[in-house]
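Visitor: Quick one: this structure, given as structure tokens, is what I'll be asking you about.
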Number of protein chains: 2
Amino acid sequence: MVKIIKIQQRITSSNDTEAEKLRMELRDRGIFALNLMSSPGSGKSTFLKATAKQLKNRARMGVLEADIDSAVDAEAMAKEGITTLQLHTDGMCHVDADMMRQGLEEMDLEDVEILFLENVGNLICPAEFDTGCHKNVMILSVPEGDDKPLKYPLMFSTSDAVIISKLDSLPYFDFSLERAEERIMRLNPKCRIFPLSAKTGEGMSGWIEWLMEERDRCFHD
Amino acid sequence: MVKIIKIQQRITSSNDTEAEKLRMELRDRGIFALNLMSSPGSGKSTFLKATAKQLKNRARMGVLEADIDSAVDAEAMAKEGITTLQLHTDGMCHVDADMMRQGLEEMDLEDVEILFLENVGNLICPAEFDTGCHKNVMILSVPEGDDKPLKYPLMFSTSDAVIISKLDSLPYFDFSLERAEERIMRLNPKCRIFPLSAKTGEGMSGWIEWLMEERDRCFHD
């Protein structure tokens with residue numbers, strides 16, 4: 001059984017101030033935090049499990065699972081031995097910095113060096129709220145189509161890295177990697193793009209390399 | 001070039017009252033309206049194009065395309081000769097009844113008998129707002145996974161019909177039709193479920209039959 005806690009949107013002075021404070025606190029505790037966003041069903045959990053496997057013996061990973069309902073994802077993480085906590089957002093479509101704090105207060109973070117917030121599956125609202133994480137990462141899965149940057153520009157603009165997931169399904173869908181990358185770069189030229197398959201492992205190493213570099217940068221800049 | 005209009009969330013007395021009024025007006029004008037909701041990239045547009053093809057010589061179809069940005073979907077509809085209008089939601093994550101009205105006011109509805117609102121790609125927020133349509137239909141695509149009813153229960157609970165799309169991709173994903181149907185029925189026993197592939201045409205006829213029956217019921221009850 002995984003631990004489930006219910007978080008609520010509370011009125012705070014300013015989410016941006018709250019987020020900045022949280023980001024510094026996390027850094028002081030030696031935790032590098034990433035906000036992982038995507039549509040429902042893009043493969044966030046499978047991607048996180050594959051990431052945890054690659055990080056084994058390199059860094060200890062934890063996952064804060066935010067969902068409206070169910071504990072499916074946290075149970076999947078716990079099964080792999082990943083430190084996890086399930087947050088229920090009380091119907092909310094996103095996580096803000098104070099909601100993230102409510103989760104952190106209940107989680108055993110002693111062993112965690114890299115923390116992922118698996119945000120609610122939603123390509124719109126989460127992009128509007130700073131969660132206090134150090135980096136924003138989003139997933140676009142091949143079956144969703146290469147036109148998504150045109151339709152959901154804010155999400156692609158606020159992400160430091162875009163994972164193009166389910167790369168193994170490329171032969172079965174009308175998805176052009178070139179078109180997707182071009183559309184993402186037009187919105188966000190500084191963004192790093194990692195096409196990969198968590199299932200086959202293809203492309204995972206580039207993502208892990210970036211993750212470790214950014215973690216070092218977080219603590220040494 | 002398709003027509004694009006920008007709609008905004010305005011303060012109205014009550015969305016439910018507004019929606020009820022709009023629903024009756026549409027009925028009086030002989031228009032059967034359906035609110036189509038889903039995650040980004042579940043195949044709403046491909047599904048609507050396939051539906052239009054099947055309805056040819058049976059009923060005239062129109063599509064109100066709601067998106068945060070781009071006119072990709074409306075252009076795709078116009079190319080198929082479908083009456084369409086592109087709405088830009090000014091960043092909003094859903095469409096309410098007043099926003100729907102703003103779109104209808106700008107659309108040439110003379111020829112339209114069956115009208116689809118292609119709602120913003122989002123499995124959370126649109127479920128909370130009555131758009132004034134007669135029926136709610138949602139799409140769950142096979143690549144998204146059969147656990148979605150557990151994570152996004154409200155969307156499945158408020159839908160009169162659930163389309164399980166991209167059925168042709170079933171061999172490539174870990175998706176159980178039985179599990180998905182059981183989870184949907186547990187939330188919403190009255191819901192009709194149509195597994196289909198807009199690409200191959202498999203399963204389309206059951207959906208079209210339901211659509212025509214519900215249209216008749218709308219005008220004769």
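Scheme for the structure tokens: letters A, B, ... for chains in order shown; per-chain residue numbers from 1; ligand numbers from 1 in order shown.
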Define the interface residues of chain A facing chain B as those within 7 Å, counting only C-alpha atoms, and report them as a ChimeraX atom specification.
Guide: /A:39-42,67-70,93,122,124-125,143-145,150-152
Visitor: At a cut-off of 6 Å, using only C-alpha atoms, what residues contact Ile193 (chain A)? Leave out same-chain residues fewer than 5 positions from it and give the result as JSON, numbers by chain.
Guide: {"A": [161, 162, 163]}
Visitor: Would you put the residues from that selection into a file with C-alpha atoms, as an mmCIF file, in the first residue's frame?
Guide:
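Below is the file that was written, out37.cif:
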```
data_model
loop_
_atom_site.group_PDB
_atom_site.id
_atom_site.type_symbol
_atom_site.label_atom_id
_atom_site.label_comp_id
_atom_site.auth_asym_id
_atom_site.auth_seq_id
_atom_site.Cartn_x
_atom_site.Cartn_y
_atom_site.Cartn_z
ATOM 1 C CA ALA A 161 13.415 19.786 -22.064
ATOM 2 C CA VAL A 162 10.890 18.003 -24.281
ATOM 3 C CA ILE A 163 10.875 14.205 -24.331
#
```
Visitor: With DSSP run on the backbone, what are the strand (DSSP E) residues within region 4-198 of chain A? I'd like them as a count of residues only.
Guide: 44
Visitor: Report the closest atom pair, with its distance in Å rounded to one decimal, for each residue of region 119-206 of chain A that has an atom no farther than 8 Å from region 49-56 of chain A; count only C-alpha atoms, sort by chain and then rising residue number, and write it as CSV.
Guide:
```
residue,atom,partner,partner_atom,distance
A:Ala198,CA,A:Ala50,CA,5.7
A:Lys199,CA,A:Ala50,CA,7.8
A:Gly201,CA,A:Ala50,CA,7.7
A:Met204,CA,A:Thr51,CA,7.7
```
Visitor: For the selection just defined, write its residues with N, CA and C atoms to a file, as an mmCIF file, in the first residue's frame.
Guide:
```cif
data_model
loop_
_atom_site.group_PDB
_atom_site.id
_atom_site.type_symbol
_atom_site.label_atom_id
_atom_site.label_comp_id
_atom_site.auth_asym_id
_atom_site.auth_seq_id
_atom_site.Cartn_x
_atom_site.Cartn_y
_atom_site.Cartn_z
ATOM 1 N N ALA A 198 11.100 4.535 -23.854
ATOM 2 C CA ALA A 198 11.354 3.975 -22.513
ATOM 3 C C ALA A 198 11.253 2.453 -22.562
ATOM 4 N N LYS A 199 10.509 1.965 -23.552
ATOM 5 C CA LYS A 199 10.280 0.520 -23.687
ATOM 6 C C LYS A 199 11.533 -0.192 -24.185
ATOM 7 N N GLY A 201 14.566 1.424 -24.656
ATOM 8 C CA GLY A 201 15.785 2.044 -24.105
ATOM 9 C C GLY A 201 16.462 2.987 -25.085
ATOM 10 N N MET A 204 17.608 6.858 -24.359
ATOM 11 C CA MET A 204 17.570 7.169 -22.919
ATOM 12 C C MET A 204 18.867 7.823 -22.430
#
```
Visitor: So that I can check the surroundings of Arg186 (chain B), please list as a ChimeraX atom specification every protein, DNA and RNA residue that reaches within 12 Å of it, counting only C-alpha atoms and ignoring chain neighbours fewer than 2 positions away.
Guide: /B:149-150,153,156-157,179-184,188-191
Visitor: If you keep C-alpha atoms, can you produce a file of those selected residues as a CSV table (one decimal), in the first residue's frame?
Guide:
```
chain,number,residue,atom,x,y,z
B,149,PRO,CA,-11.1,6.0,-16.3
B,150,LEU,CA,-9.4,5.5,-12.9
B,153,PRO,CA,-13.4,9.8,-13.5
B,156,PHE,CA,-16.0,9.4,-18.1
B,157,SER,CA,-19.0,10.0,-15.7
B,179,ARG,CA,-10.5,-3.7,-18.7
B,180,ALA,CA,-11.3,-0.3,-20.2
B,181,GLU,CA,-15.0,-1.1,-20.7
B,182,GLU,CA,-15.4,-2.5,-17.2
B,183,ARG,CA,-13.8,0.6,-15.7
B,184,ILE,CA,-16.0,2.9,-17.7
B,188,ASN,CA,-21.2,5.3,-15.8
B,189,PRO,CA,-23.4,2.3,-16.4
B,190,LYS,CA,-25.6,4.2,-18.9
B,191,CYS,CA,-22.7,5.1,-21.1
```
Visitor: Find the residues around Gly203 (chain A) up to 10 Å (only C-alpha atoms counted), leave out those fewer than 4 positions away in its own chain, and share them as a list in words.
Guide: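 Contacts, in chain order: Ile163, Ile164, Ser165, Leu167, Phe194, Pro195, Leu196, Ser197, Ala198, Trp207 and Ile208 of chain A.
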Visitor: Print the selection's residues with N, CA and C atoms to a file, as an mmCIF file, in the first residue's frame.
Guide:
```
data_model
loop_
_atom_site.group_PDB
_atom_site.id
_atom_site.type_symbol
_atom_site.label_atom_id
_atom_site.label_comp_id
_atom_site.auth_asym_id
_atom_site.auth_seq_id
_atom_site.Cartn_x
_atom_site.Cartn_y
_atom_site.Cartn_z
ATOM 1 N N ILE A 163 10.639 15.615 -24.021
ATOM 2 C CA ILE A 163 10.875 14.205 -24.331
ATOM 3 C C ILE A 163 9.870 13.820 -25.416
ATOM 4 N N ILE A 164 10.341 13.295 -26.536
ATOM 5 C CA ILE A 164 9.418 12.735 -27.525
ATOM 6 C C ILE A 164 9.391 11.230 -27.260
ATOM 7 N N SER A 165 8.297 10.773 -26.658
ATOM 8 C CA SER A 165 8.239 9.396 -26.145
ATOM 9 C C SER A 165 7.544 8.431 -27.102
ATOM 10 N N LEU A 167 8.891 6.313 -29.077
ATOM 11 C CA LEU A 167 9.573 6.389 -30.367
ATOM 12 C C LEU A 167 9.437 5.071 -31.142
ATOM 13 N N PHE A 194 14.623 15.333 -26.596
ATOM 14 C CA PHE A 194 15.130 13.957 -26.506
ATOM 15 C C PHE A 194 14.104 12.961 -27.033
ATOM 16 N N PRO A 195 14.212 12.547 -28.295
ATOM 17 C CA PRO A 195 13.331 11.478 -28.786
ATOM 18 C C PRO A 195 13.820 10.162 -28.191
ATOM 19 N N LEU A 196 12.916 9.399 -27.607
ATOM 20 C CA LEU A 196 13.346 8.150 -26.960
ATOM 21 C C LEU A 196 12.204 7.151 -26.809
ATOM 22 N N SER A 197 12.567 5.932 -26.526
ATOM 23 C CA SER A 197 11.593 4.909 -26.187
ATOM 24 C C SER A 197 11.964 4.315 -24.836
ATOM 25 N N ALA A 198 11.100 4.535 -23.854
ATOM 26 C CA ALA A 198 11.354 3.975 -22.513
ATOM 27 C C ALA A 198 11.253 2.453 -22.562
ATOM 28 N N TRP A 207 19.179 11.680 -22.535
ATOM 29 C CA TRP A 207 18.329 12.291 -21.508
ATOM 30 C C TRP A 207 18.988 12.201 -20.133
ATOM 31 N N ILE A 208 19.545 11.037 -19.786
ATOM 32 C CA ILE A 208 20.175 10.834 -18.470
ATOM 33 C C ILE A 208 21.402 11.745 -18.321
#
```
Visitor: If you count only C-alpha atoms, which residues fall within 7 Å of region 102-109 of chain B, apart from same-chain ones fewer than 6 positions away, as a PyMOL selection string?
Guide: chain B and resi 7+85+87
Visitor: One decimal, Å: what's the distance from CA of Val63 (chain B) over to CA of Thr84 (chain B), could you say?
Guide: 4.8 Å
Visitor: Using only C-alpha atoms, which protein or nucleic acid residues come within 9 Å of Arg23 (chain B)? Drop anything in the same chain fewer than 3 positions from it, and give the result as an NGL selection string.
Guide: :B and (18-20 or 26-28 or 32-33 or 131-134)
Visitor: Write the selection just made, keeping N, CA and C atoms, as an mmCIF file, in the first residue's frame?
Guide:
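This is the output file out36.cif:
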```
data_model
loop_
_atom_site.group_PDB
_atom_site.id
_atom_site.type_symbol
_atom_site.label_atom_id
_atom_site.label_comp_id
_atom_site.auth_asym_id
_atom_site.auth_seq_id
_atom_site.Cartn_x
_atom_site.Cartn_y
_atom_site.Cartn_z
ATOM 1 N N GLU B 18 -27.552 29.284 -18.771
ATOM 2 C CA GLU B 18 -27.136 29.678 -20.119
ATOM 3 C C GLU B 18 -27.108 28.443 -21.035
ATOM 4 N N ALA B 19 -26.595 27.341 -20.535
ATOM 5 C CA ALA B 19 -26.457 26.107 -21.312
ATOM 6 C C ALA B 19 -27.842 25.540 -21.657
ATOM 7 N N GLU B 20 -28.734 25.560 -20.699
ATOM 8 C CA GLU B 20 -30.089 25.032 -20.915
ATOM 9 C C GLU B 20 -30.805 25.834 -22.010
ATOM 10 N N LEU B 26 -30.943 25.628 -29.929
ATOM 11 C CA LEU B 26 -30.353 24.783 -30.979
ATOM 12 C C LEU B 26 -31.391 23.780 -31.483
ATOM 13 N N ARG B 27 -32.110 23.196 -30.566
ATOM 14 C CA ARG B 27 -33.165 22.243 -30.919
ATOM 15 C C ARG B 27 -34.234 22.911 -31.784
ATOM 16 N N ASP B 28 -34.622 24.112 -31.388
ATOM 17 C CA ASP B 28 -35.630 24.863 -32.151
ATOM 18 C C ASP B 28 -35.152 25.170 -33.572
ATOM 19 N N PHE B 32 -28.769 19.357 -33.938
ATOM 20 C CA PHE B 32 -28.406 18.416 -32.881
ATOM 21 C C PHE B 32 -26.923 18.641 -32.598
ATOM 22 N N ALA B 33 -26.611 19.043 -31.356
ATOM 23 C CA ALA B 33 -25.231 19.444 -31.039
ATOM 24 C C ALA B 33 -24.556 18.468 -30.080
ATOM 25 N N THR B 131 -21.783 22.883 -22.012
ATOM 26 C CA THR B 131 -21.585 23.761 -23.178
ATOM 27 C C THR B 131 -22.897 24.111 -23.868
ATOM 28 N N GLY B 132 -23.993 23.480 -23.452
ATOM 29 C CA GLY B 132 -25.275 23.698 -24.122
ATOM 30 C C GLY B 132 -25.519 22.687 -25.234
ATOM 31 N N CYS B 133 -24.592 21.754 -25.404
ATOM 32 C CA CYS B 133 -24.790 20.705 -26.405
ATOM 33 C C CYS B 133 -25.795 19.685 -25.860
ATOM 34 N N HIS B 134 -26.382 18.900 -26.784
ATOM 35 C CA HIS B 134 -27.365 17.896 -26.358
ATOM 36 C C HIS B 134 -26.710 16.653 -25.780
#
```
Visitor: Could you check the closest approach to Thr83 (chain B) for each of B:Glu178, B:Asp96, B:Glu202, B:Asp111 and tell me which residue wins, using only C-alpha atoms?
Guide: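 Nearest to Thr83 (chain B): B:Asp111.
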Visitor: Which is closest to Leu48 (chain B) among B:Met212, B:Val112, B:Met99, B:Leu36, if we use only C-alpha atoms?
Guide: B:Leu36
Visitor: Which residue, A:Lys44, A:Ile82, A:Met77, A:Asp98, has the smallest gap to Asn119 (chain A) when you use only C-alpha atoms?
Guide: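 That would be A:Lys44, the residue with the smallest distance to Asn119 (chain A).
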Visitor: I need the residues in region 40-104 of chain B that are alpha helix (DSSP H) according to DSSP; give them as an NGL selection string.
Guide: :B and (44-55 or 72-79 or 97-104)
Visitor: Name all residues at most 7 Å from region 113-118 of chain A (count only C-alpha atoms; drop same-chain ones fewer than 3 positions away) and give them as JSON, numbers by chain.
Guide: {"A": [30, 31, 32, 33, 34, 35, 36, 37, 59, 60, 61, 62, 63, 64, 65, 66]}
